[in-house]
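Shown here: structure.cif, mmCIF, C-alpha atoms.
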data_final
loop_
_atom_site.group_PDB
_atom_site.id
_atom_site.type_symbol
_atom_site.label_atom_id
_atom_site.label_comp_id
_atom_site.auth_asym_id
_atom_site.auth_seq_id
_atom_site.Cartn_x
_atom_site.Cartn_y
_atom_site.Cartn_z
ATOM 1 C CA MET G 1 0.000 0.000 0.000
ATOM 2 C CA ALA G 2 2.817 2.440 0.822
ATOM 3 C CA THR G 3 4.277 2.216 -2.692
ATOM 4 C CA ASN G 4 0.849 2.724 -4.208
ATOM 5 C CA SER G 5 0.109 5.842 -2.147
ATOM 6 C CA LYS G 6 3.552 7.221 -2.887
ATOM 7 C CA ASN G 7 2.801 6.837 -6.594
ATOM 8 C CA LEU G 8 -0.741 8.236 -6.430
ATOM 9 C CA LEU G 9 0.263 11.300 -4.468
ATOM 10 C CA LYS G 10 3.818 11.664 -5.813
ATOM 11 C CA ASP G 11 4.571 15.252 -6.814
ATOM 12 C CA LYS G 12 0.978 16.410 -6.283
ATOM 13 C CA ALA G 13 0.817 20.089 -5.374
ATOM 14 C CA ILE G 14 -1.016 20.433 -2.067
ATOM 15 C CA LEU G 15 -1.870 23.454 0.048
ATOM 16 C CA ILE G 16 -2.462 22.878 3.761
ATOM 17 C CA VAL G 17 -4.083 25.703 5.738
ATOM 18 C CA ASP G 18 -4.224 25.521 9.517
ATOM 19 C CA ASP G 19 -3.499 27.973 12.325
ATOM 20 C CA GLU G 20 -1.814 25.254 14.405
ATOM 21 C CA PRO G 21 1.879 24.876 13.434
ATOM 22 C CA ASP G 22 2.076 21.301 14.760
ATOM 23 C CA ILE G 23 -0.811 20.246 12.496
ATOM 24 C CA LEU G 24 0.887 21.839 9.489
ATOM 25 C CA GLU G 25 4.113 20.011 10.329
ATOM 26 C CA THR G 26 2.420 16.643 10.929
ATOM 27 C CA VAL G 27 0.450 16.758 7.688
ATOM 28 C CA LYS G 28 3.490 17.945 5.748
ATOM 29 C CA GLU G 29 5.475 14.961 7.074
ATOM 30 C CA GLN G 30 2.668 12.539 6.122
ATOM 31 C CA LEU G 31 2.679 13.969 2.601
ATOM 32 C CA ASP G 32 6.428 13.977 2.065
ATOM 33 C CA MET G 33 5.975 12.605 -1.473
ATOM 34 C CA CYS G 34 3.987 15.731 -2.419
ATOM 35 C CA LEU G 35 4.919 19.323 -3.153
ATOM 36 C CA VAL G 36 3.430 20.936 -0.064
ATOM 37 C CA HIS G 37 2.730 24.598 0.632
ATOM 38 C CA THR G 38 1.499 25.605 4.073
ATOM 39 C CA ALA G 39 -0.354 28.659 5.336
ATOM 40 C CA ALA G 40 -1.087 29.483 8.965
ATOM 41 C CA ASN G 41 -3.568 32.299 8.341
ATOM 42 C CA TYR G 42 -6.260 33.505 5.963
ATOM 43 C CA ASP G 43 -4.183 36.155 4.148
ATOM 44 C CA THR G 44 -1.282 33.825 3.381
ATOM 45 C CA ALA G 45 -3.700 31.092 2.290
ATOM 46 C CA LEU G 46 -5.541 33.491 0.004
ATOM 47 C CA GLN G 47 -2.249 34.582 -1.618
ATOM 48 C CA HIS G 48 -1.359 30.929 -2.248
ATOM 49 C CA LEU G 49 -4.802 30.183 -3.716
ATOM 50 C CA LEU G 50 -4.513 33.154 -6.070
ATOM 51 C CA SER G 51 -0.868 32.575 -7.024
ATOM 52 C CA TYR G 52 -0.535 28.816 -7.519
ATOM 53 C CA THR G 53 -2.384 25.816 -8.897
ATOM 54 C CA TYR G 54 -3.084 22.907 -6.552
ATOM 55 C CA ASP G 55 -4.091 19.292 -7.040
ATOM 56 C CA ILE G 56 -5.666 19.308 -3.567
ATOM 57 C CA VAL G 57 -6.295 21.952 -0.903
ATOM 58 C CA ILE G 58 -6.698 20.944 2.769
ATOM 59 C CA LEU G 59 -8.455 23.530 4.934
ATOM 60 C CA ASP G 60 -9.051 23.901 8.630
ATOM 61 C CA ILE G 61 -12.256 25.799 9.403
ATOM 62 C CA MET G 62 -11.612 27.695 12.634
ATOM 63 C CA GLY G 63 -8.951 30.384 12.915
ATOM 64 C CA VAL G 64 -8.318 30.690 9.175
ATOM 65 C CA LYS G 65 -11.805 31.564 7.806
ATOM 66 C CA GLY G 66 -11.962 28.100 6.259
ATOM 67 C CA PHE G 67 -15.342 28.533 4.603
ATOM 68 C CA GLU G 68 -14.227 31.766 2.886
ATOM 69 C CA LEU G 69 -11.120 29.971 1.649
ATOM 70 C CA LEU G 70 -13.281 27.033 0.543
ATOM 71 C CA LYS G 71 -15.317 29.329 -1.709
ATOM 72 C CA LYS G 72 -12.136 30.723 -3.289
ATOM 73 C CA SER G 73 -10.535 27.280 -3.667
ATOM 74 C CA VAL G 74 -13.649 25.801 -5.311
ATOM 75 C CA SER G 75 -13.966 28.824 -7.617
ATOM 76 C CA ARG G 76 -10.392 28.113 -8.792
ATOM 77 C CA GLY G 77 -11.342 24.475 -9.429
ATOM 78 C CA PHE G 78 -9.190 22.919 -6.692
ATOM 79 C CA PRO G 79 -10.518 19.745 -4.996
ATOM 80 C CA THR G 80 -10.785 20.818 -1.362
ATOM 81 C CA VAL G 81 -10.825 18.689 1.785
ATOM 82 C CA MET G 82 -12.079 20.180 5.039
ATOM 83 C CA PHE G 83 -9.938 19.036 7.989
ATOM 84 C CA THR G 84 -11.253 20.144 11.359
ATOM 85 C CA ALA G 85 -11.449 19.470 15.073
ATOM 86 C CA HIS G 86 -13.192 22.404 16.736
ATOM 87 C CA ALA G 87 -15.760 22.918 13.974
ATOM 88 C CA LEU G 88 -16.753 19.262 13.821
ATOM 89 C CA THR G 89 -20.536 19.697 13.747
ATOM 90 C CA PRO G 90 -23.365 18.602 11.462
ATOM 91 C CA GLU G 91 -23.711 22.284 10.478
ATOM 92 C CA SER G 92 -20.102 22.593 9.325
ATOM 93 C CA LEU G 93 -20.371 19.270 7.481
ATOM 94 C CA LYS G 94 -23.492 20.541 5.704
ATOM 95 C CA LYS G 95 -21.883 23.886 4.885
ATOM 96 C CA SER G 96 -18.798 22.094 3.513
ATOM 97 C CA ILE G 97 -20.988 20.007 1.201
ATOM 98 C CA LYS G 98 -23.003 23.016 0.032
ATOM 99 C CA LEU G 99 -19.893 25.122 -0.661
ATOM 100 C CA GLY G 100 -18.300 22.398 -2.780
ATOM 101 C CA ALA G 101 -15.758 20.569 -0.600
ATOM 102 C CA VAL G 102 -14.967 17.067 -1.867
ATOM 103 C CA SER G 103 -14.399 15.559 1.583
ATOM 104 C CA PHE G 104 -14.500 16.286 5.312
ATOM 105 C CA LEU G 105 -12.094 14.681 7.739
ATOM 106 C CA PRO G 106 -12.015 14.968 11.530
ATOM 107 C CA LYS G 107 -8.509 15.914 12.719
ATOM 108 C CA ASP G 108 -8.461 13.073 15.198
ATOM 109 C CA LYS G 109 -8.630 10.781 12.143
ATOM 110 C CA ALA G 110 -5.527 12.415 10.642
ATOM 111 C CA SER G 111 -3.898 9.004 10.210
ATOM 112 C CA GLU G 112 -6.437 8.402 7.403
ATOM 113 C CA LEU G 113 -5.717 11.658 5.565
ATOM 114 C CA LYS G 114 -3.359 10.116 3.024
ATOM 115 C CA ASN G 115 -5.916 7.434 2.161
ATOM 116 C CA PHE G 116 -8.652 10.035 1.653
ATOM 117 C CA LEU G 117 -6.384 12.155 -0.534
ATOM 118 C CA GLU G 118 -5.612 9.072 -2.643
ATOM 119 C CA GLN G 119 -9.362 8.574 -3.079
ATOM 120 C CA VAL G 120 -9.700 12.195 -4.227
ATOM 121 C CA VAL G 121 -6.892 11.667 -6.766
ATOM 122 C CA LEU G 122 -8.380 8.354 -7.957
ATOM 123 C CA GLY G 123 -11.776 10.013 -8.308
ATOM 124 C CA GLY G 124 -10.353 12.760 -10.484
ATOM 125 C CA GLY G 125 -10.969 15.413 -7.831
ATOM 126 C CA LYS G 126 -14.682 14.632 -7.621
ATOM 127 C CA PRO G 127 -16.461 14.544 -4.235
ATOM 128 C CA ILE G 128 -15.980 11.380 -2.165
ATOM 129 C CA TRP G 129 -18.829 11.993 0.278
ATOM 130 C CA LYS G 130 -20.084 8.399 0.076
ATOM 131 C CA LYS G 131 -16.723 7.198 1.435
ATOM 132 C CA VAL G 132 -16.818 9.862 4.153
ATOM 133 C CA PHE G 133 -20.307 8.845 5.295
ATOM 134 C CA ASP G 134 -19.511 5.113 5.094
ATOM 135 C CA ARG G 135 -16.160 5.348 6.858
ATOM 136 C CA PHE G 136 -17.189 7.721 9.651
ATOM 137 C CA GLU G 137 -20.820 6.772 10.225
ATOM 138 C CA SER G 138 -20.253 5.352 13.720
ATOM 139 C CA TYR G 139 -17.788 8.145 14.548
ATOM 140 C CA PHE G 140 -20.327 10.826 13.546
ATOM 141 C CA GLU G 141 -23.083 9.020 15.472
ATOM 142 C CA LYS G 142 -20.944 9.084 18.632
ATOM 143 C CA ARG G 143 -20.118 12.770 18.132
ATOM 144 C CA PHE G 144 -23.505 14.060 16.939
ATOM 145 C CA GLY G 145 -25.992 11.483 18.301
ATOM 146 C CA PRO G 146 -27.559 8.448 16.567
ATOM 147 C CA ASP G 147 -30.235 10.477 14.782
ATOM 148 C CA TRP G 148 -27.957 13.292 13.607
ATOM 149 C CA LYS G 149 -28.878 12.937 9.910
ATOM 150 C CA GLU G 150 -32.604 12.678 10.592
ATOM 151 C CA ARG G 151 -32.508 15.986 12.451
ATOM 152 C CA ASP G 152 -31.473 17.788 9.292
ATOM 153 C CA ASN G 153 -33.425 17.306 6.068
ATOM 154 C CA PHE G 154 -30.517 18.399 3.890
ATOM 155 C CA LEU G 155 -28.132 15.789 5.347
ATOM 156 C CA LYS G 156 -30.794 13.077 5.256
ATOM 157 C CA GLU G 157 -31.670 13.826 1.611
ATOM 158 C CA PHE G 158 -28.002 14.159 0.689
ATOM 159 C CA GLU G 159 -27.206 10.689 2.025
ATOM 160 C CA GLU G 160 -30.262 9.212 0.290
ATOM 161 C CA THR G 161 -29.022 10.777 -2.977
ATOM 162 C CA LEU G 162 -25.611 9.188 -2.436
ATOM 163 C CA LYS G 163 -27.209 5.770 -1.896
ATOM 164 C CA LYS G 164 -29.321 6.117 -5.061
ATOM 165 C CA ARG G 165 -26.237 6.943 -7.135
ATOM 166 C CA GLU G 166 -24.758 3.612 -6.078
ATOM 167 C CA GLU G 167 -27.728 1.605 -7.326
#

Entire entry expressed as structure tokens:
Amino acid sequence: MATNSKNLLKDKAILIVDDEPDILETVKEQLDMCLVHTAANYDTALQHLLSYTYDIVILDIMGVKGFELLKKSVSRGFPTVMFTAHALTPESLKKSIKLGAVSFLPKDKASELKNFLEQVVLGGGKPIWKKVFDRFESYFEKRFGPDWKERDNFLKEFEETLKKREE
């Protein structure tokens, strides 16, 4: 698997935006086969988004105006993964979907980041929400409560749409 991921992600240009330096460093180390830019604040991130082309953008939500950056990243056509701890709520998940993110990963699942990025690359930068919902269903239920999707029509309908696409 390691060789495969090295090949899939090799030389991909990736922007990581997070206001926590240790997170930036950890993710950069995980993605050592990639060409990684980092930004610790909104202004730096915006400059990167306007100045370079990325295969994947990874955005924190809190502290860096992640949703504003998501809009800009999507408008530039960059597949964007939301990577958050503090803003891990059904509302931020819903907003990420609506604004065009291709994936959403809890920071405490950072060990799976490389795998999710490979899925984004394999999918040609298209959304991988089905994998997110399948992989983290029990995690989200523990965090948000067992009926978290039912409490929000958008999320419930979104998941039903994902299931229909599979059929």

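For Val132 (chain G), the residues within 9 Å (counting all atoms listed in the file, excluding itself and residues fewer than 4 positions away along the chain) are Ser103, Phe104, Leu105, Phe116, Ile128, Phe136 and Glu137 of chain G.
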
Let's have the selection written as an mmCIF file, in the coordinates of the input, with C-alpha atoms.
data_model
loop_
_atom_site.group_PDB
_atom_site.id
_atom_site.type_symbol
_atom_site.label_atom_id
_atom_site.label_comp_id
_atom_site.auth_asym_id
_atom_site.auth_seq_id
_atom_site.Cartn_x
_atom_site.Cartn_y
_atom_site.Cartn_z
ATOM 1 C CA SER G 103 -14.399 15.559 1.583
ATOM 2 C CA PHE G 104 -14.500 16.286 5.312
ATOM 3 C CA LEU G 105 -12.094 14.681 7.739
ATOM 4 C CA PHE G 116 -8.652 10.035 1.653
ATOM 5 C CA ILE G 128 -15.980 11.380 -2.165
ATOM 6 C CA PHE G 136 -17.189 7.721 9.651
ATOM 7 C CA GLU G 137 -20.820 6.772 10.225
#

Requested in this report: Could you give me, as JSON, numbers by chain, the residues within 12 Å of region 40-42 of chain G, counting only C-alpha atoms and dropping anything in the same chain fewer than 6 positions from it?
Outcome: {"G": [15, 16, 17, 18, 19, 20, 21, 22, 23, 24, 25, 48, 49, 58, 59, 60, 61, 62, 63, 64, 65, 66, 67, 68, 69, 70, 72]}

Query raised in the report: What would the list of residues within 10 Å of (-3.1, 18.2, -8.6) (file frame) look like as an NGL selection string, if only C-alpha atoms are what count?
Result: :G and (9-14 or 34-35 or 53-57 or 78-79 or 120-121 or 124-125)

For the selection just defined, write its residues with C-alpha atoms to a file, as a CSV table (one decimal), in the coordinates of the input.
chain,number,residue,atom,x,y,z
G,9,LEU,CA,0.3,11.3,-4.5
G,10,LYS,CA,3.8,11.7,-5.8
G,11,ASP,CA,4.6,15.3,-6.8
G,12,LYS,CA,1.0,16.4,-6.3
G,13,ALA,CA,0.8,20.1,-5.4
G,14,ILE,CA,-1.0,20.4,-2.1
G,34,CYS,CA,4.0,15.7,-2.4
G,35,LEU,CA,4.9,19.3,-3.2
G,53,THR,CA,-2.4,25.8,-8.9
G,54,TYR,CA,-3.1,22.9,-6.6
G,55,ASP,CA,-4.1,19.3,-7.0
G,56,ILE,CA,-5.7,19.3,-3.6
G,57,VAL,CA,-6.3,22.0,-0.9
G,78,PHE,CA,-9.2,22.9,-6.7
G,79,PRO,CA,-10.5,19.7,-5.0
G,120,VAL,CA,-9.7,12.2,-4.2
G,121,VAL,CA,-6.9,11.7,-6.8
G,124,GLY,CA,-10.4,12.8,-10.5
G,125,GLY,CA,-11.0,15.4,-7.8

Report task. Rounded to one decimal place, report the CA of Trp148 (chain G)-CA of Leu93 (chain G) distance in Å. Result -> 11.4 Å

Report task. Might you spell out which residues the PyMOL selection byres ((chain G and resi 110) around 12) would select in the displayed file, as a ChimeraX atom specification? Result -> /G:23-24,26-31,58,82-85,104-109,111-117

Query - d(CA of Val74 (chain G), CA of Gln119 (chain G)) in Å - result: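 Taking CA of Val74 (chain G) as the start and CA of Gln119 (chain G) as the end point, the length is 17.9 Å.
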
Query raised in the report: When distances are computed from only C-alpha atoms, which of G:Thr89, G:Asn153, G:Thr44, G:Thr38 shows the smallest separation from Tyr139 (chain G)?
Result: G:Thr89

Query - One-decimal distance in Å that lies between CA of Arg76 (chain G) and CA of Glu118 (chain G) - result: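 Interatomic distance, CA of Glu118 (chain G) to CA of Arg76 (chain G): 20.6 Å.
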
Query - Residue nearest Phe158 (chain G) among G:His86, G:Lys142, G:Lys98, G:Lys71 (counting only C-alpha atoms) - result: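 Distance minimum relative to Phe158 (chain G) lands on G:Lys98.
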
Query raised in the report: Nearest to Lys163 (chain G): which of G:Asp147, G:Asp134, G:Asp43, G:Asp32 is it, counting all atoms listed in the file?
Result: G:Asp134

Draw an axis-aligned box over all listed atoms of region 85-97 of chain G, pad each side with 8 Å, and write its centre and edge lengths in Å, one decimal, as lines of an AutoDock Vina configuration file.
center_x = -17.6
center_y = 21.2
center_z = 9.0
size_x = 28.3
size_y = 21.3
size_z = 31.5

Would you mind writing region 82-101 of chain G with N, CA and C atoms, as a compact mmCIF listing (two decimals), in the frame of the given file?
# COMPACT_ATOMS: atom_id res chain seq x y z
N MET G 82 -11.98 19.48 3.77
CA MET G 82 -12.08 20.18 5.04
C MET G 82 -11.53 19.26 6.13
N PHE G 83 -10.68 19.81 7.00
CA PHE G 83 -9.94 19.04 7.99
C PHE G 83 -10.06 19.79 9.30
N THR G 84 -10.92 19.32 10.20
CA THR G 84 -11.25 20.14 11.36
C THR G 84 -11.38 19.35 12.65
N ALA G 85 -11.22 20.05 13.74
CA ALA G 85 -11.45 19.47 15.07
C ALA G 85 -12.53 20.27 15.78
N HIS G 86 -12.28 21.56 15.96
CA HIS G 86 -13.19 22.40 16.74
C HIS G 86 -14.53 22.65 16.04
N ALA G 87 -14.52 22.65 14.71
CA ALA G 87 -15.76 22.92 13.97
C ALA G 87 -16.42 21.63 13.49
N LEU G 88 -16.19 20.55 14.21
CA LEU G 88 -16.75 19.26 13.82
C LEU G 88 -18.20 19.18 14.29
N THR G 89 -19.11 19.68 13.44
CA THR G 89 -20.54 19.70 13.75
C THR G 89 -21.30 19.32 12.49
N PRO G 90 -22.55 18.86 12.65
CA PRO G 90 -23.36 18.60 11.46
C PRO G 90 -23.50 19.86 10.59
N GLU G 91 -23.56 21.03 11.24
CA GLU G 91 -23.71 22.28 10.48
C GLU G 91 -22.49 22.56 9.59
N SER G 92 -21.29 22.34 10.14
CA SER G 92 -20.10 22.59 9.32
C SER G 92 -19.95 21.54 8.23
N LEU G 93 -20.38 20.32 8.50
CA LEU G 93 -20.37 19.27 7.48
C LEU G 93 -21.31 19.67 6.34
N LYS G 94 -22.50 20.11 6.70
CA LYS G 94 -23.49 20.54 5.70
C LYS G 94 -22.98 21.73 4.89
N LYS G 95 -22.40 22.70 5.57
CA LYS G 95 -21.88 23.89 4.88
C LYS G 95 -20.74 23.50 3.94
N SER G 96 -19.90 22.57 4.36
CA SER G 96 -18.80 22.09 3.51
C SER G 96 -19.33 21.47 2.23
N ILE G 97 -20.37 20.65 2.37
CA ILE G 97 -20.99 20.01 1.20
C ILE G 97 -21.56 21.08 0.27
N LYS G 98 -22.34 21.99 0.85
CA LYS G 98 -23.00 23.02 0.03
C LYS G 98 -22.02 23.94 -0.68
N LEU G 99 -20.87 24.21 -0.05
CA LEU G 99 -19.89 25.12 -0.66
C LEU G 99 -18.93 24.42 -1.62
N GLY G 100 -19.06 23.09 -1.74
CA GLY G 100 -18.30 22.40 -2.78
C GLY G 100 -17.07 21.62 -2.35
N ALA G 101 -16.88 21.41 -1.04
CA ALA G 101 -15.76 20.57 -0.60
C ALA G 101 -15.96 19.15 -1.13
